[in-house]
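J.: Here it is: the structure, laid out below.
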Amino acid sequence: VWAANRVSDLLGVRYPIVQAPMSGFTTPELVAAVSNAGGLGSLGAALLAPDALRAAIDDVRRLTDRPFGVNLFVWPEAPQASAEAIAAMSEALAPYRAELGLPEPQQKPSAPPPGLADAQLALVAEARVPVFSFTFGIPPLAAVKDAGCVVLGTATTVAEAVELERAGVDVVVAQGAEAGGHRGTFLGRLERSLVGGLALVPQMVDRIRLPVIAAGGIMDGRGIAAALALGAEGVQLGTAFLSCPESGTPTPHMDALVDASDESTVVTHVYSGRPARTIETALIDTLERSGLEPLPFPLQAALLAEIRTAAAEQSRPDLMFLLAGQAAALSRPLPAGELVETLVRETEDVLRRLS
Ligand SMILES: Cc1cc2nc3c(=O)[nH]c(=O)nc-3n(C[C@H](O)[C@H](O)[C@H](O)COP(=O)(O)O)c2cc1C
């Protein structure tokens with residue numbers, strides 16, 4: 001009974017359990033396995049060029065006939081960094097590049113080509129993707145709504161949820177401060193927008209008419225039952241799915257999740273120029289202490305891209321960016337379908353115990 005509500009109706013799923021879109025981590029295999037198990041798999045597609053996005057959507061459709069989601073970013077317009085800022089940050093990174101055997105950077109860090117978001121959005125509409133979700137703002141929604149996509153927007157505050165409702169989304173994802181990955185914040189200041197899920201969800205539920213999906217720190221049936229108790233009609237789990245063998249998570253990142261504790265993560269700008277929650281590593285600590293202002297999003301991420309890739313390949317977690325939520329220590333390395341089944345069973349156990 002707990003699973004029959006507006007979110008499962010709108011998404012067309014058996015259980016209102018969403019595998020969070022995680023750009024770079026959510027393979028078509030992961031997405032399809034979650035959807036096949038009765039949840040909603042979602043593809044983090046923000047960085048995919050249109051051809052790659054089309055191929056990934058086709059792959060998901062080959063692996064499942066159930067609903068799934070595609071997620072995009074609202075990119076900033078033409079971010080700029082001065083030559084001095086790039087030089088200063090590059091100098092701070094030079095010892096790490098040397099350690100990883102990387103040559104001097106050959107190009108200036110660049111943002112995705114202008115028009116990428118428009119092309120991605122047009123493709124989502126054209127492919128009639130069942131569920132479209134987004135973060136970092138509000139994109140133009142007319143085309144995806146005309147195409148019949150169910151639309152999910154990310155909010156980190158009540159004010160953002162109100163804006164999303166006004167813009168015509170169908171469901172709001174309430175991203176609590178516990179959440180791994182980038183903060184979706186697009187209105188308020190970061191420090192004031194780090195609202196914990198226990199505080200955020202009921203305030204949001206009271207304020208808007210749309211159904212709310214809770215995200216952040218949910219790893220098992222206890223978290224799901226708690227979110228339902230707060231008035232959420234669905235949950236979105238990211239970190240919990242990073243340990244699934246179907247995910248694209250590099251092995252050192254998976255190992256770090258197992259080794260994590262409740263105190264392991266920080267919210268930092270140094271990964272991409274936008275605040276993101278990640279396990280603290282030596283590289284993050286050094287960059288934070290350097291006092292250097294990170295380049296504006298996403299140029300900082302572009303400047304670090306080769307370091308990230310090389311560190312993952314060379315199994316150097318100290319030089320990686322290990323995006324994770326505050327409850328990473330509760331990770332379980334289960335195949336995605338089994339994880340969904342386990343979450344459902346645990347939720348039902350908790351609800352029974354409480355009633
Ligand atoms: C590795 C990682 C990558 C993420 N990438 C995205 C993304 O591409 N788009 C998005 O909307 N949210 C992204 N998120 C945030 C999730 O949607 C969600 O808010 C978060 O995972 C919930 O917290 P949890 O990780 O504690 O479950 C990402 C989270 C993680 C951990």
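Residue numbering restarts at 1 in every chain; chains get A, B, ... in the order shown in the structure tokens, and ligands count up from 1 in that same order.
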Using only C-alpha atoms, determine which residues lie at most 7 Å from Phe68 in chain A, disregarding the query and same-chain residues fewer than 2 positions distant; provide the list as a PDB file with C-alpha atoms, in the first residue's frame.
T.:
ATOM      1  CA  SER A  35      13.571  -0.191 -13.891  1.00  0.00           C
ATOM      2  CA  LEU A  40      12.863   4.067 -11.792  1.00  0.00           C
ATOM      3  CA  GLY A  41      16.349   3.943 -13.270  1.00  0.00           C
ATOM      4  CA  SER A  42      17.726   7.274 -14.439  1.00  0.00           C
ATOM      5  CA  ARG A  66       9.746  -0.147 -18.345  1.00  0.00           C
ATOM      6  CA  PRO A 130       9.258   8.693 -20.113  1.00  0.00           C
ATOM      7  CA  VAL A 131      10.742  10.844 -17.316  1.00  0.00           C
TER       8      VAL A 131
END
J.: If you run DSSP over the backbone, which residues in range 134-327 of chain A end up strand (DSSP E or B)? Put them as a VMD selection string.
T.: chain A and resid 134 to 135 150 to 155 171 to 175 181 to 182 212 to 215 234 to 237 265 to 268 276 to 279 322 to 323
J.: Could you pull the residues within 6 Å of range 298-308 of chain A, counting only C-alpha atoms, minus those fewer than 5 positions along the same chain, as a PyMOL selection string?
T.: chain A and resi 109-111+271-273+320
J.: Take the selection from the previous step and output its residues with N, CA, C and O atoms, as an mmCIF file, in the first residue's frame.
T.:
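part-v8.cif was written with the following content:
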data_model
loop_
_atom_site.group_PDB
_atom_site.id
_atom_site.type_symbol
_atom_site.label_atom_id
_atom_site.label_comp_id
_atom_site.auth_asym_id
_atom_site.auth_seq_id
_atom_site.Cartn_x
_atom_site.Cartn_y
_atom_site.Cartn_z
ATOM 1 N N PRO A 109 41.036 25.202 -20.064
ATOM 2 C CA PRO A 109 39.806 24.468 -19.729
ATOM 3 C C PRO A 109 38.611 25.127 -20.403
ATOM 4 O O PRO A 109 38.530 26.347 -20.453
ATOM 5 N N SER A 110 37.706 24.306 -20.951
ATOM 6 C CA SER A 110 36.569 24.900 -21.648
ATOM 7 C C SER A 110 35.256 24.303 -21.148
ATOM 8 O O SER A 110 35.215 23.178 -20.654
ATOM 9 N N ALA A 111 34.196 25.089 -21.299
ATOM 10 C CA ALA A 111 32.845 24.658 -20.933
ATOM 11 C C ALA A 111 32.284 23.827 -22.086
ATOM 12 O O ALA A 111 32.836 23.844 -23.187
ATOM 13 N N TYR A 271 36.067 20.885 -6.591
ATOM 14 C CA TYR A 271 35.922 19.818 -7.588
ATOM 15 C C TYR A 271 35.538 20.389 -8.946
ATOM 16 O O TYR A 271 36.093 20.029 -9.968
ATOM 17 N N SER A 272 34.572 21.298 -8.943
ATOM 18 C CA SER A 272 34.043 21.750 -10.242
ATOM 19 C C SER A 272 33.802 23.252 -10.325
ATOM 20 O O SER A 272 33.480 23.759 -11.391
ATOM 21 N N GLY A 273 33.895 23.942 -9.177
ATOM 22 C CA GLY A 273 33.490 25.348 -9.153
ATOM 23 C C GLY A 273 32.076 25.515 -8.620
ATOM 24 O O GLY A 273 31.638 26.633 -8.353
ATOM 25 N N MET A 320 41.478 11.570 -6.239
ATOM 26 C CA MET A 320 40.201 11.463 -6.953
ATOM 27 C C MET A 320 39.156 12.351 -6.275
ATOM 28 O O MET A 320 39.375 12.872 -5.194
#
J.: From the set A:Ser264, A:Thr239, A:Ser193, A:Thr156, which residue has the shortest atom-to-atom contact distance to ligand 1, counting only C-alpha atoms and all ligand atoms?
T.: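 Nearest to ligand 1: A:Thr239.
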J.: Please identify all polymer residues within 8 Å of Ile218 in chain A, counting only C-alpha atoms, omitting same-chain residues fewer than 6 positions from it, and present them as a PyMOL selection string.
T.: chain A and resi 224+235-237+240+327
J.: Which residue is closest to ligand 1? Choose from A:Ala81, A:Leu102, A:Leu330, A:Leu354 and count only C-alpha atoms and all ligand atoms.
T.: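 The shortest atom-to-atom distance to ligand 1 comes from A:Leu330.
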J.: Could you list, as a VMD selection string, all residues that come within 6 Å of ligand 1? Count only C-alpha atoms and all ligand atoms.
T.: chain A and resid 20 to 23 44 71 134 to 135 175 178 to 182 215 to 218 237 to 240 323 to 325
J.: Measuring atom to atom with only C-alpha atoms, identify which of A:Pro317, A:Gly153, A:Gly221, A:Pro50 is nearest to Val344 in chain A.
T.: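 Residue with the minimum atom-to-atom distance to Val344 in chain A: A:Gly221.
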J.: Please provide the set of residues having any atom within 8 Å of Arg183 in chain A, restricted to only C-alpha atoms, with same-chain residues fewer than 6 positions apart removed, written as a VMD selection string.
T.: chain A and resid 136 156 175 274 to 277
J.: Could you write out that same residue set with N, CA, C and O atoms as an mmCIF file, in the first residue's frame?
T.:
data_model
loop_
_atom_site.group_PDB
_atom_site.id
_atom_site.type_symbol
_atom_site.label_atom_id
_atom_site.label_comp_id
_atom_site.auth_asym_id
_atom_site.auth_seq_id
_atom_site.Cartn_x
_atom_site.Cartn_y
_atom_site.Cartn_z
ATOM 1 N N PHE A 136 20.235 22.331 -11.093
ATOM 2 C CA PHE A 136 20.986 23.596 -11.225
ATOM 3 C C PHE A 136 20.170 24.752 -11.784
ATOM 4 O O PHE A 136 20.732 25.758 -12.220
ATOM 5 N N THR A 156 16.573 22.528 -3.380
ATOM 6 C CA THR A 156 17.268 22.361 -2.095
ATOM 7 C C THR A 156 16.645 23.234 -1.014
ATOM 8 O O THR A 156 17.093 23.196 0.136
ATOM 9 N N GLN A 175 16.315 17.840 -2.405
ATOM 10 C CA GLN A 175 17.687 17.378 -2.175
ATOM 11 C C GLN A 175 18.184 17.927 -0.835
ATOM 12 O O GLN A 175 18.530 19.095 -0.712
ATOM 13 N N ARG A 274 31.353 24.424 -8.486
ATOM 14 C CA ARG A 274 30.002 24.410 -7.890
ATOM 15 C C ARG A 274 30.059 23.526 -6.678
ATOM 16 O O ARG A 274 30.727 22.496 -6.719
ATOM 17 N N PRO A 275 29.369 23.869 -5.595
ATOM 18 C CA PRO A 275 29.479 23.028 -4.406
ATOM 19 C C PRO A 275 28.993 21.598 -4.641
ATOM 20 O O PRO A 275 27.949 21.387 -5.252
ATOM 21 N N ALA A 276 29.797 20.649 -4.162
ATOM 22 C CA ALA A 276 29.444 19.230 -4.305
ATOM 23 C C ALA A 276 29.885 18.501 -3.049
ATOM 24 O O ALA A 276 30.904 18.857 -2.447
ATOM 25 N N ARG A 277 29.100 17.502 -2.651
ATOM 26 C CA ARG A 277 29.493 16.691 -1.500
ATOM 27 C C ARG A 277 30.306 15.500 -1.963
ATOM 28 O O ARG A 277 29.885 14.747 -2.838
#
J.: From the set A:Ala119, A:Leu10, A:Leu48, A:Cys149, which residue has the shortest atom-to-atom contact distance to Phe132 in chain A, counting only C-alpha atoms?
T.: A:Cys149
J.: Nearest to His253 in chain A: which of A:Val13, A:Ala311, A:Gly223, A:Pro79 is it, counting only C-alpha atoms?
T.: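 Using only C-alpha atoms, the shortest distance to His253 in chain A belongs to A:Ala311.
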J.: As number ranges by chain, please: every residue in range 175-322 of chain A that DSSP puts in alpha helix (DSSP H).
T.: A: 197-207, 221-229, 239-242, 251-259, 282-290, 299-313
J.: In terms of the shortest atom-to-atom distance over only C-alpha atoms, which of A:Val340, A:Val205, A:Ile279, A:Ile57 is closest to Phe321 in chain A?
T.: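 Once distances to Phe321 in chain A are computed over only C-alpha atoms, the minimum belongs to A:Ile279.
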